[in-house]
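*Asks:* So that you have it, the file is target.json, and it contains JSON, C-alpha atoms and all ligand atoms:
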```
[["chain", "number", "residue", "atom", "x", "y", "z"],
["Q", 1, "MET", "CA", 103.49, 6.97, 160.08],
["Q", 2, "GLY", "CA", 100.66, 9.37, 159.25],
["Q", 3, "THR", "CA", 100.12, 12.17, 156.80],
["Q", 4, "TRP", "CA", 97.97, 15.28, 157.17],
["Q", 5, "GLN", "CA", 97.03, 17.53, 154.26],
["Q", 6, "ILE", "CA", 96.90, 21.34, 154.54],
["Q", 7, "GLY", "CA", 95.91, 22.76, 151.16],
["Q", 8, "ASP", "CA", 98.68, 21.67, 148.79],
["Q", 9, "ILE", "CA", 101.08, 20.93, 151.65],
["Q", 10, "SER", "CA", 101.44, 17.42, 153.03],
["Q", 11, "VAL", "CA", 102.82, 16.77, 156.50],
["Q", 12, "THR", "CA", 104.16, 13.37, 157.56],
["Q", 13, "ARG", "CA", 105.23, 12.34, 161.03],
["Q", 14, "ILE", "CA", 108.67, 10.72, 161.17],
["Q", 15, "ALA", "CA", 108.93, 8.99, 164.54],
["Q", 16, "GLU", "CA", 112.01, 8.45, 166.60],
["Q", 17, "GLY", "CA", 110.24, 6.94, 169.59],
["Q", 18, "ILE", "CA", 107.42, 7.12, 172.08],
["Q", 19, "GLY", "CA", 108.09, 6.82, 175.78],
["Q", 20, "LEU", "CA", 107.60, 8.06, 179.30],
["Q", 21, "SER", "CA", 108.74, 11.28, 180.90],
["Q", 22, "SER", "CA", 111.76, 10.80, 183.14],
["Q", 23, "VAL", "CA", 109.91, 12.16, 186.18],
["Q", 24, "PRO", "CA", 106.24, 12.28, 187.33],
["Q", 25, "PRO", "CA", 104.06, 15.10, 185.97],
["Q", 26, "GLY", "CA", 104.28, 16.92, 189.31],
["Q", 27, "GLN", "CA", 108.01, 17.35, 188.70],
["Q", 28, "PHE", "CA", 107.88, 17.64, 184.91],
["Q", 29, "LEU", "CA", 105.31, 20.44, 184.86],
["Q", 30, "THR", "CA", 105.75, 23.62, 186.86],
["Q", 31, "GLY", "CA", 102.62, 25.28, 188.23],
["Q", 32, "PHE", "CA", 101.19, 21.75, 188.37],
["Q", 33, "ASP", "CA", 98.12, 21.09, 190.54],
["Q", 34, "PRO", "CA", 97.40, 17.40, 191.30],
["Q", 35, "ASP", "CA", 93.63, 17.92, 191.64],
["Q", 36, "ILE", "CA", 93.38, 19.68, 188.31],
["Q", 37, "PHE", "CA", 95.56, 17.00, 186.72],
["Q", 38, "ARG", "CA", 93.31, 14.25, 188.11],
["Q", 39, "ALA", "CA", 90.30, 15.90, 186.52],
["Q", 40, "HIS", "CA", 91.98, 15.30, 183.14],
["Q", 41, "HIS", "CA", 92.67, 11.58, 183.73],
["Q", 42, "GLU", "CA", 89.72, 10.37, 181.71],
["Q", 43, "TRP", "CA", 90.87, 11.66, 178.33],
["Q", 44, "MET", "CA", 94.60, 11.28, 179.07],
["Q", 45, "ILE", "CA", 94.71, 7.60, 180.13],
["Q", 46, "PRO", "CA", 96.30, 5.53, 178.61],
["Q", 47, "ILE", "CA", 97.49, 7.46, 175.54],
["Q", 48, "HIS", "CA", 98.84, 10.62, 177.17],
["Q", 49, "TYR", "CA", 99.41, 9.51, 180.76],
["Q", 50, "GLU", "CA", 100.36, 6.17, 182.35],
["Q", 51, "PRO", "CA", 98.90, 6.02, 185.88],
["Q", 52, "GLN", "CA", 100.74, 2.80, 186.89],
["Q", 53, "THR", "CA", 104.09, 4.59, 186.68],
["Q", 54, "ASP", "CA", 102.76, 8.15, 187.14],
["Q", 55, "ARG", "CA", 104.49, 9.28, 183.96],
["Q", 56, "LEU", "CA", 103.43, 11.40, 180.99],
["Q", 57, "VAL", "CA", 103.53, 9.60, 177.65],
["Q", 58, "THR", "CA", 105.44, 11.64, 175.10],
["Q", 59, "SER", "CA", 106.50, 11.12, 171.53],
["Q", 60, "ILE", "CA", 109.65, 12.34, 169.85],
["Q", 61, "HIS", "CA", 109.17, 12.91, 166.14],
["Q", 62, "SER", "CA", 110.02, 15.18, 163.22],
["Q", 63, "TRP", "CA", 107.60, 16.74, 160.78],
["Q", 64, "LEU", "CA", 108.31, 16.14, 157.11],
["Q", 65, "ILE", "CA", 106.64, 19.02, 155.27],
["Q", 66, "ARG", "CA", 106.28, 18.77, 151.51],
["Q", 67, "THR", "CA", 105.15, 21.85, 149.60],
["Q", 68, "PRO", "CA", 105.14, 22.31, 145.81],
["Q", 69, "ARG", "CA", 108.52, 24.02, 146.23],
["Q", 70, "HIS", "CA", 110.23, 22.56, 149.28],
["Q", 71, "THR", "CA", 110.90, 19.37, 151.22],
["Q", 72, "ILE", "CA", 111.40, 20.41, 154.82],
["Q", 73, "LEU", "CA", 112.31, 18.49, 157.92],
["Q", 74, "LEU", "CA", 111.19, 20.33, 161.05],
["Q", 75, "ASP", "CA", 113.19, 19.30, 164.12],
["Q", 76, "THR", "CA", 115.47, 16.31, 163.91],
["Q", 77, "CYS", "CA", 114.91, 14.30, 167.13],
["Q", 78, "SER", "CA", 117.85, 12.94, 169.13],
["Q", 79, "GLY", "CA", 119.94, 11.17, 166.50],
["Q", 80, "ASN", "CA", 121.92, 7.95, 166.65],
["Q", 81, "HIS", "CA", 125.10, 7.29, 168.62],
["Q", 82, "LYS", "CA", 124.99, 10.65, 170.41],
["Q", 83, "ASN", "CA", 126.54, 10.84, 173.85],
["Q", 84, "ARG", "CA", 123.83, 12.30, 176.13],
["Q", 85, "PRO", "CA", 124.60, 10.99, 179.61],
["Q", 86, "TRP", "CA", 122.16, 13.44, 181.23],
["Q", 87, "ASN", "CA", 119.12, 11.73, 179.66],
["Q", 88, "ARG", "CA", 118.78, 8.03, 179.00],
["Q", 89, "ARG", "CA", 116.10, 8.64, 176.40],
["Q", 90, "PHE", "CA", 118.52, 10.49, 174.12],
["Q", 91, "HIS", "CA", 121.72, 8.62, 174.97],
["Q", 92, "GLN", "CA", 123.48, 6.37, 172.43],
["Q", 93, "LEU", "CA", 120.36, 5.61, 170.41],
["Q", 94, "ASP", "CA", 120.28, 3.30, 167.43],
["Q", 95, "THR", "CA", 116.89, 3.74, 165.75],
["Q", 96, "PRO", "CA", 115.78, 3.20, 162.13],
["Q", 97, "TYR", "CA", 114.81, 6.88, 161.82],
["Q", 98, "LEU", "CA", 116.33, 7.32, 158.35],
["Q", 99, "ASP", "CA", 114.56, 4.15, 157.14],
["Q", 100, "ARG", "CA", 111.30, 5.67, 158.30],
["Q", 101, "LEU", "CA", 112.11, 8.81, 156.33],
["Q", 102, "ARG", "CA", 112.80, 6.65, 153.25],
["Q", 103, "ASP", "CA", 109.53, 4.76, 153.86],
["Q", 104, "ALA", "CA", 107.81, 8.15, 153.53],
["Q", 105, "GLY", "CA", 109.36, 8.42, 150.07],
["Q", 106, "VAL", "CA", 112.16, 10.83, 150.93],
["Q", 107, "SER", "CA", 115.90, 10.21, 151.04],
["Q", 108, "PRO", "CA", 118.26, 12.42, 153.06],
["Q", 109, "GLU", "CA", 119.46, 13.97, 149.78],
["Q", 110, "ASP", "CA", 115.90, 15.16, 149.02],
["Q", 111, "ILE", "CA", 115.61, 17.43, 152.07],
["Q", 112, "ASP", "CA", 116.30, 21.02, 151.06],
["Q", 113, "ILE", "CA", 115.49, 22.72, 154.37],
["Q", 114, "VAL", "CA", 116.04, 21.56, 157.94],
["Q", 115, "LEU", "CA", 114.46, 23.85, 160.51],
["Q", 116, "CYS", "CA", 115.36, 23.47, 164.18],
["Q", 117, "THR", "CA", 112.82, 25.20, 166.43],
["Q", 118, "HIS", "CA", 115.52, 25.21, 169.09],
["Q", 119, "LEU", "CA", 118.75, 23.42, 169.93],
["Q", 120, "HIS", "CA", 117.77, 21.06, 172.74],
["Q", 121, "SER", "CA", 119.14, 17.56, 172.17],
["Q", 122, "ASP", "CA", 115.82, 16.04, 170.97],
["Q", 123, "HIS", "CA", 115.38, 18.70, 168.25],
["Q", 124, "CYS", "CA", 118.73, 18.77, 166.45],
["Q", 125, "GLY", "CA", 120.23, 15.28, 166.84],
["Q", 126, "TRP", "CA", 119.74, 14.04, 163.28],
["Q", 127, "ASN", "CA", 121.30, 17.23, 161.95],
["Q", 128, "THR", "CA", 124.38, 15.02, 161.77],
["Q", 129, "ARG", "CA", 125.32, 11.35, 161.56],
["Q", 130, "LEU", "CA", 128.46, 9.45, 162.40],
["Q", 131, "ASP", "CA", 130.64, 8.70, 159.36],
["Q", 132, "ASN", "CA", 133.96, 6.96, 160.02],
["Q", 133, "GLY", "CA", 134.24, 8.58, 163.43],
["Q", 134, "ARG", "CA", 133.27, 12.08, 162.19],
["Q", 135, "TRP", "CA", 130.00, 13.94, 162.57],
["Q", 136, "VAL", "CA", 128.79, 14.94, 159.11],
["Q", 137, "PRO", "CA", 125.55, 16.63, 157.98],
["Q", 138, "THR", "CA", 122.86, 13.96, 157.48],
["Q", 139, "PHE", "CA", 121.17, 16.04, 154.79],
["Q", 140, "PRO", "CA", 123.88, 16.99, 152.30],
["Q", 141, "ASN", "CA", 121.70, 19.26, 150.14],
["Q", 142, "ALA", "CA", 119.85, 21.06, 152.92],
["Q", 143, "LYS", "CA", 120.12, 24.50, 154.38],
["Q", 144, "TYR", "CA", 119.84, 24.25, 158.18],
["Q", 145, "LEU", "CA", 117.81, 27.08, 159.71],
["Q", 146, "PHE", "CA", 117.89, 28.15, 163.35],
["Q", 147, "SER", "CA", 117.92, 31.45, 165.15],
["Q", 148, "ARG", "CA", 120.96, 33.49, 166.09],
["Q", 149, "LYS", "CA", 119.74, 33.94, 169.66],
["Q", 150, "GLU", "CA", 119.44, 30.17, 169.96],
["Q", 151, "ASN", "CA", 122.86, 29.59, 168.44],
["Q", 152, "ASP", "CA", 124.48, 32.09, 170.77],
["Q", 153, "ARG", "CA", 122.70, 30.55, 173.76],
["Q", 154, "TRP", "CA", 124.47, 27.22, 173.19],
["Q", 155, "ASP", "CA", 127.68, 27.95, 171.28],
["Q", 156, "PRO", "CA", 130.39, 27.26, 173.88],
["Q", 157, "ARG", "CA", 132.65, 29.78, 172.15],
["Q", 158, "VAL", "CA", 130.11, 32.54, 172.92],
["Q", 159, "SER", "CA", 127.88, 31.35, 175.77],
["Q", 160, "SER", "CA", 128.84, 31.38, 179.43],
["Q", 161, "ASP", "CA", 126.96, 28.05, 179.71],
["Q", 162, "LYS", "CA", 129.33, 25.33, 178.44],
["Q", 163, "SER", "CA", 127.17, 22.46, 179.74],
["Q", 164, "ARG", "CA", 125.98, 21.45, 176.28],
["Q", 165, "ALA", "CA", 129.25, 21.95, 174.41],
["Q", 166, "GLU", "CA", 129.34, 18.32, 173.29],
["Q", 167, "LEU", "CA", 125.82, 18.58, 171.83],
["Q", 168, "TYR", "CA", 126.69, 21.79, 170.01],
["Q", 169, "ASN", "CA", 129.94, 20.34, 168.69],
["Q", 170, "ASP", "CA", 128.41, 17.11, 167.38],
["Q", 171, "SER", "CA", 125.05, 18.41, 166.07],
["Q", 172, "VAL", "CA", 125.35, 22.13, 165.25],
["Q", 173, "LEU", "CA", 128.97, 23.01, 164.54],
["Q", 174, "PRO", "CA", 129.35, 20.50, 161.64],
["Q", 175, "VAL", "CA", 126.52, 22.17, 159.65],
["Q", 176, "ILE", "CA", 128.07, 25.59, 160.27],
["Q", 177, "GLU", "CA", 131.47, 24.33, 159.12],
["Q", 178, "SER", "CA", 129.92, 22.80, 155.98],
["Q", 179, "GLN", "CA", 128.43, 26.24, 155.14],
["Q", 180, "GLN", "CA", 124.90, 24.82, 155.33],
["Q", 181, "ALA", "CA", 123.66, 26.85, 158.29],
["Q", 182, "VAL", "CA", 121.37, 29.84, 157.75],
["Q", 183, "ILE", "CA", 121.23, 31.74, 161.01],
["Q", 184, "LEU", "CA", 118.03, 33.75, 161.38],
["Q", 185, "ASP", "CA", 117.33, 37.13, 162.96],
["Q", 186, "GLY", "CA", 113.65, 37.82, 163.70],
["Q", 187, "VAL", "CA", 110.87, 36.82, 161.32],
["Q", 188, "HIS", "CA", 111.97, 34.92, 158.20],
["Q", 189, "GLU", "CA", 109.80, 34.27, 155.15],
["Q", 190, "ILE", "CA", 111.01, 31.14, 153.35],
["Q", 191, "ASP", "CA", 108.34, 31.75, 150.71],
["Q", 192, "ASP", "CA", 104.74, 32.97, 150.68],
["Q", 193, "GLN", "CA", 103.57, 29.68, 152.26],
["Q", 194, "LEU", "CA", 106.23, 29.32, 154.95],
["Q", 195, "LEU", "CA", 106.88, 31.79, 157.72],
["Q", 196, "VAL", "CA", 109.36, 31.34, 160.57],
["Q", 197, "GLU", "CA", 108.55, 33.43, 163.65],
["Q", 198, "PRO", "CA", 110.28, 33.92, 166.99],
["Q", 199, "SER", "CA", 108.44, 32.07, 169.81],
["Q", 200, "PRO", "CA", 110.68, 32.59, 172.83],
["Q", 201, "GLY", "CA", 110.26, 31.21, 176.32],
["Q", 202, "HIS", "CA", 111.01, 27.50, 176.25],
["Q", 203, "THR", "CA", 114.40, 28.73, 175.09],
["Q", 204, "ILE", "CA", 115.45, 32.28, 174.33],
["Q", 205, "GLY", "CA", 115.82, 31.73, 170.58],
["Q", 206, "HIS", "CA", 112.96, 29.28, 169.98],
["Q", 207, "VAL", "CA", 111.18, 29.73, 166.61],
["Q", 208, "MET", "CA", 108.05, 28.21, 165.10],
["Q", 209, "LEU", "CA", 106.84, 27.69, 161.54],
["Q", 210, "LYS", "CA", 103.49, 28.69, 160.07],
["Q", 211, "ALA", "CA", 102.81, 26.73, 156.88],
["Q", 212, "GLY", "CA", 100.01, 27.29, 154.38],
["Q", 213, "ALA", "CA", 97.50, 30.06, 153.78],
["Q", 214, "PRO", "CA", 96.31, 32.16, 156.77],
["Q", 215, "ASP", "CA", 92.91, 30.40, 156.79],
["Q", 216, "ASP", "CA", 94.31, 26.90, 156.14],
["Q", 217, "GLN", "CA", 97.43, 26.63, 158.21],
["Q", 218, "GLY", "CA", 99.63, 24.32, 160.20],
["Q", 219, "VAL", "CA", 101.52, 25.77, 163.15],
["Q", 220, "PHE", "CA", 104.69, 23.84, 163.98],
["Q", 221, "CYS", "CA", 105.25, 24.99, 167.51],
["Q", 222, "GLY", "CA", 108.23, 22.93, 168.69],
["Q", 223, "ASP", "CA", 108.22, 22.89, 172.48],
["Q", 224, "VAL", "CA", 105.96, 25.93, 172.98],
["Q", 225, "ILE", "CA", 103.54, 23.18, 174.06],
["Q", 226, "HIS", "CA", 104.90, 19.87, 175.28],
["Q", 227, "HIS", "CA", 101.86, 17.90, 176.43],
["Q", 228, "PRO", "CA", 98.18, 18.33, 175.53],
["Q", 229, "VAL", "CA", 97.22, 19.01, 179.16],
["Q", 230, "GLN", "CA", 98.94, 22.38, 178.63],
["Q", 231, "VAL", "CA", 96.22, 23.33, 176.12],
["Q", 232, "PHE", "CA", 93.79, 23.25, 179.06],
["Q", 233, "GLU", "CA", 96.33, 24.65, 181.49],
["Q", 234, "PRO", "CA", 98.54, 27.02, 179.45],
["Q", 235, "SER", "CA", 100.12, 28.52, 182.57],
["Q", 236, "TRP", "CA", 101.86, 25.16, 183.25],
["Q", 237, "ASN", "CA", 105.39, 25.16, 181.90],
["Q", 238, "THR", "CA", 107.77, 22.26, 181.75],
["Q", 239, "LYS", "CA", 110.82, 22.29, 183.93],
["Q", 240, "PHE", "CA", 112.82, 22.73, 180.72],
["Q", 241, "CYS", "CA", 111.26, 26.12, 179.91],
["Q", 242, "GLU", "CA", 114.15, 28.49, 180.53],
["Q", 243, "HIS", "CA", 112.12, 31.74, 180.59],
["Q", 244, "PRO", "CA", 108.89, 30.82, 182.38],
["Q", 245, "GLU", "CA", 106.91, 34.03, 182.01],
["Q", 246, "GLU", "CA", 107.73, 34.40, 178.32],
["Q", 247, "ALA", "CA", 106.95, 30.72, 177.74],
["Q", 248, "ARG", "CA", 103.43, 31.20, 179.15],
["Q", 249, "LEU", "CA", 102.80, 34.29, 177.03],
["Q", 250, "THR", "CA", 104.01, 32.59, 173.86],
["Q", 251, "ARG", "CA", 101.88, 29.51, 174.59],
["Q", 252, "LEU", "CA", 98.77, 31.65, 175.01],
["Q", 253, "ARG", "CA", 99.55, 33.59, 171.84],
["Q", 254, "VAL", "CA", 99.95, 30.36, 169.82],
["Q", 255, "LEU", "CA", 96.74, 28.81, 171.20],
["Q", 256, "GLN", "CA", 94.85, 32.03, 170.50],
["Q", 257, "HIS", "CA", 96.18, 32.13, 166.95],
["Q", 258, "CYS", "CA", 95.19, 28.51, 166.26],
["Q", 259, "ALA", "CA", 91.71, 29.04, 167.74],
["Q", 260, "GLU", "CA", 91.09, 32.24, 165.78],
["Q", 261, "HIS", "CA", 92.32, 30.93, 162.42],
["Q", 262, "GLY", "CA", 91.31, 27.28, 162.69],
["Q", 263, "ALA", "CA", 94.98, 26.37, 162.35],
["Q", 264, "LEU", "CA", 96.20, 22.89, 163.20],
["Q", 265, "LEU", "CA", 98.83, 22.55, 165.89],
["Q", 266, "PHE", "CA", 101.75, 20.21, 165.13],
["Q", 267, "PRO", "CA", 103.80, 19.82, 168.34],
["Q", 268, "ILE", "CA", 106.83, 17.53, 168.64],
["Q", 269, "HIS", "CA", 105.90, 15.61, 171.78],
["Q", 270, "PHE", "CA", 102.14, 14.94, 171.69],
["Q", 271, "ALA", "CA", 101.23, 11.24, 171.66],
["Q", 272, "ALA", "CA", 98.63, 9.90, 169.20],
["Q", 273, "PRO", "CA", 97.01, 11.30, 167.19],
["Q", 274, "TYR", "CA", 99.85, 13.89, 167.50],
["Q", 275, "VAL", "CA", 97.95, 16.83, 165.94],
["Q", 276, "ALA", "CA", 95.15, 19.03, 167.28],
["Q", 277, "GLY", "CA", 92.97, 21.92, 166.34],
["Q", 278, "ILE", "CA", 92.35, 24.39, 169.16],
["Q", 279, "VAL", "CA", 88.87, 25.38, 170.29],
["Q", 280, "GLU", "CA", 88.24, 28.36, 172.55],
["Q", 281, "ARG", "CA", 85.24, 28.10, 174.86],
["Q", 282, "ARG", "CA", 84.40, 30.68, 177.51],
["Q", 283, "GLY", "CA", 87.97, 31.94, 177.62],
["Q", 284, "ARG", "CA", 89.52, 28.47, 177.92],
["Q", 285, "PHE", "CA", 91.19, 26.31, 175.29],
["Q", 286, "LEU", "CA", 90.46, 22.70, 174.38],
["Q", 287, "PRO", "CA", 92.33, 20.41, 171.99],
["Q", 288, "ALA", "CA", 90.33, 18.89, 169.12],
["Q", 289, "PHE", "CA", 92.57, 15.99, 168.10],
["Q", 290, "VAL", "CA", 92.84, 15.40, 164.37],
["Q", 291, "PRO", "CA", 93.77, 11.92, 163.11],
["Q", 292, "ALA", "CA", 95.98, 11.63, 160.05],
["Q", 293, "ASP", "CA", 94.31, 11.79, 156.63],
["Q", 294, "ALA", "CA", 96.36, 8.82, 155.47],
["Q", 301, "ZN", "ZN", 111.68, 18.70, 173.14]]
```
What do you get writing this file as structure tokens?

*Replies:*
Amino acid sequence: MGTWQIGDISVTRIAEGIGLSSVPPGQFLTGFDPDIFRAHHEWMIPIHYEPQTDRLVTSIHSWLIRTPRHTILLDTCSGNHKNRPWNRRFHQLDTPYLDRLRDAGVSPEDIDIVLCTHLHSDHCGWNTRLDNGRWVPTFPNAKYLFSRKENDRWDPRVSSDKSRAELYNDSVLPVIESQQAVILDGVHEIDDQLLVEPSPGHTIGHVMLKAGAPDDQGVFCGDVIHHPVQVFEPSWNTKFCEHPEEARLTRLRVLQHCAEHGALLFPIHFAAPYVAGIVERRGRFLPAFVPADA
């Protein structure tokens, strides 16, 4: 675990797991150039890249954000017992994720807001848990926030793409049926410290959260940036970015914002130390990794 402090907001990493990308970086990242990638080996090995297997090292975690007013869980990893035959890393897991949440001093009942940046399987899995054969909301007192565009992208009753119907039905539909979903259009101000903004590209309805004051801020960017090498090479998408050109523009916009305001970037898949400030030097960006305060 690790906790970072941003003004009066504390941010704790709740891990589901750390592991290797399913394919080599040359297949995982689009726009990839092996010579450029090699030039990054020194800082990436062994924490962010494993040369023996030629795989990126990536984490899957949630951010527990505690403000004076709210207890927020941002993105909910893959969940337990979910059927995800298309990816071994998400399939039929049985991890002590909720124990880790409790170790951070928070029970599922304490969460009042769940925010899903998007509805890929590793970002909404713990929305629900299995209870006597039924999928029920894991966080009984929470409102679950996600964007309408994202919902409509995946809802098999609306979308022409039915390929993720099972995911939608086990991890999204139950929180809609329990009246806990708050479906967002455009920018949404939770309060004067918490702003949800559209950040499309990785998916059409992807959103991010800015937390704290403008000059002391955390930016929770979901999968706008997957791996820290993309800070150096922001034109590299992942193969999961559904709208490549928009994904690049959003990534640049987020990096620029962090560099200009000294904001800390809290992605979902960076390996240790998981968090980075962004420095701009001669028109290029560099990550300045920030270890946890506690
Ligand atoms: Zn992801």

*Asks:* Counting all atoms listed in the file, name the residues that have an atom within 8 Å of an atom of ligand ZN 301 (chain Q); the answer should be given as an MDAnalysis selection string.

*Replies:* chainID Q and resid 60 120:123 222:223 226 268:269

*Asks:* Residues near stretch 124-137 of chain Q, anyone? I mean within 8 Å using all atoms listed in the file, not counting same-chain ones fewer than 5 positions away, as a CSV table (one decimal) with C-alpha atoms, in the coordinates of the input.

*Replies:*
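Okay, around30.csv is ready:
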```
chain,number,residue,atom,x,y,z
Q,75,ASP,CA,113.2,19.3,164.1
Q,76,THR,CA,115.5,16.3,163.9
Q,77,CYS,CA,114.9,14.3,167.1
Q,78,SER,CA,117.8,12.9,169.1
Q,79,GLY,CA,119.9,11.2,166.5
Q,80,ASN,CA,121.9,8.0,166.6
Q,81,HIS,CA,125.1,7.3,168.6
Q,82,LYS,CA,125.0,10.6,170.4
Q,114,VAL,CA,116.0,21.6,157.9
Q,116,CYS,CA,115.4,23.5,164.2
Q,118,HIS,CA,115.5,25.2,169.1
Q,119,LEU,CA,118.8,23.4,169.9
Q,170,ASP,CA,128.4,17.1,167.4
Q,171,SER,CA,125.0,18.4,166.1
Q,172,VAL,CA,125.4,22.1,165.2
Q,174,PRO,CA,129.4,20.5,161.6
Q,175,VAL,CA,126.5,22.2,159.6
Q,178,SER,CA,129.9,22.8,156.0
```

*Asks:* Edge lengths and centre in Å to one decimal, as AutoDock Vina command-line options, of the axis-aligned box that encloses all listed atoms of stretch 121-140 of chain Q with 4 Å added on every side?

*Replies:*
```
--center_x 124.8 --center_y 12.9 --center_z 162.2 --size_x 26.9 --size_y 19.8 --size_z 27.9
```

*Asks:* List the spatial neighbours of Q:Pro287 as a ChimeraX atom specification - criterion: any atom at most 10 Å away, only C-alpha atoms, same-chain residues fewer than 4 positions off excluded.

*Replies:* /Q:228-232,255,259,264-265,275-280

*Asks:* Looking at Q:Ala247, Q:Cys221, Q:Leu145, Q:Ile72, which one is nearest to Q:Ile111, with distances taken over only C-alpha atoms?

*Replies:*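 For Q:Ile111, the nearest of the given residues is Q:Ile72.
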
*Asks:* Given only C-alpha atoms as the basis, pick out the residue of Q:Arg164, Q:Arg66, Q:Arg89, Q:His257 nearest to Q:Gly105.

*Replies:*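 Smallest separation from Q:Gly105 among the options: Q:Arg66.
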
*Asks:* Can you tell me how far atom CA of Q:Asn83 sits from atom CA of Q:Ser163, in Å to one decimal?

*Replies:*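 It comes out at 13.0 Å.
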
*Asks:* If you measure from atom CA of Q:Glu189 to atom CA of Q:Ile14, what distance in Å do you get, rounded to one decimal?

*Replies:*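 It comes out at 24.3 Å.
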
*Asks:* Record the distance separating atom CA of Q:Asp293 and atom CA of Q:Phe266, expressed in Å with one decimal.

*Replies:* 14.1 Å
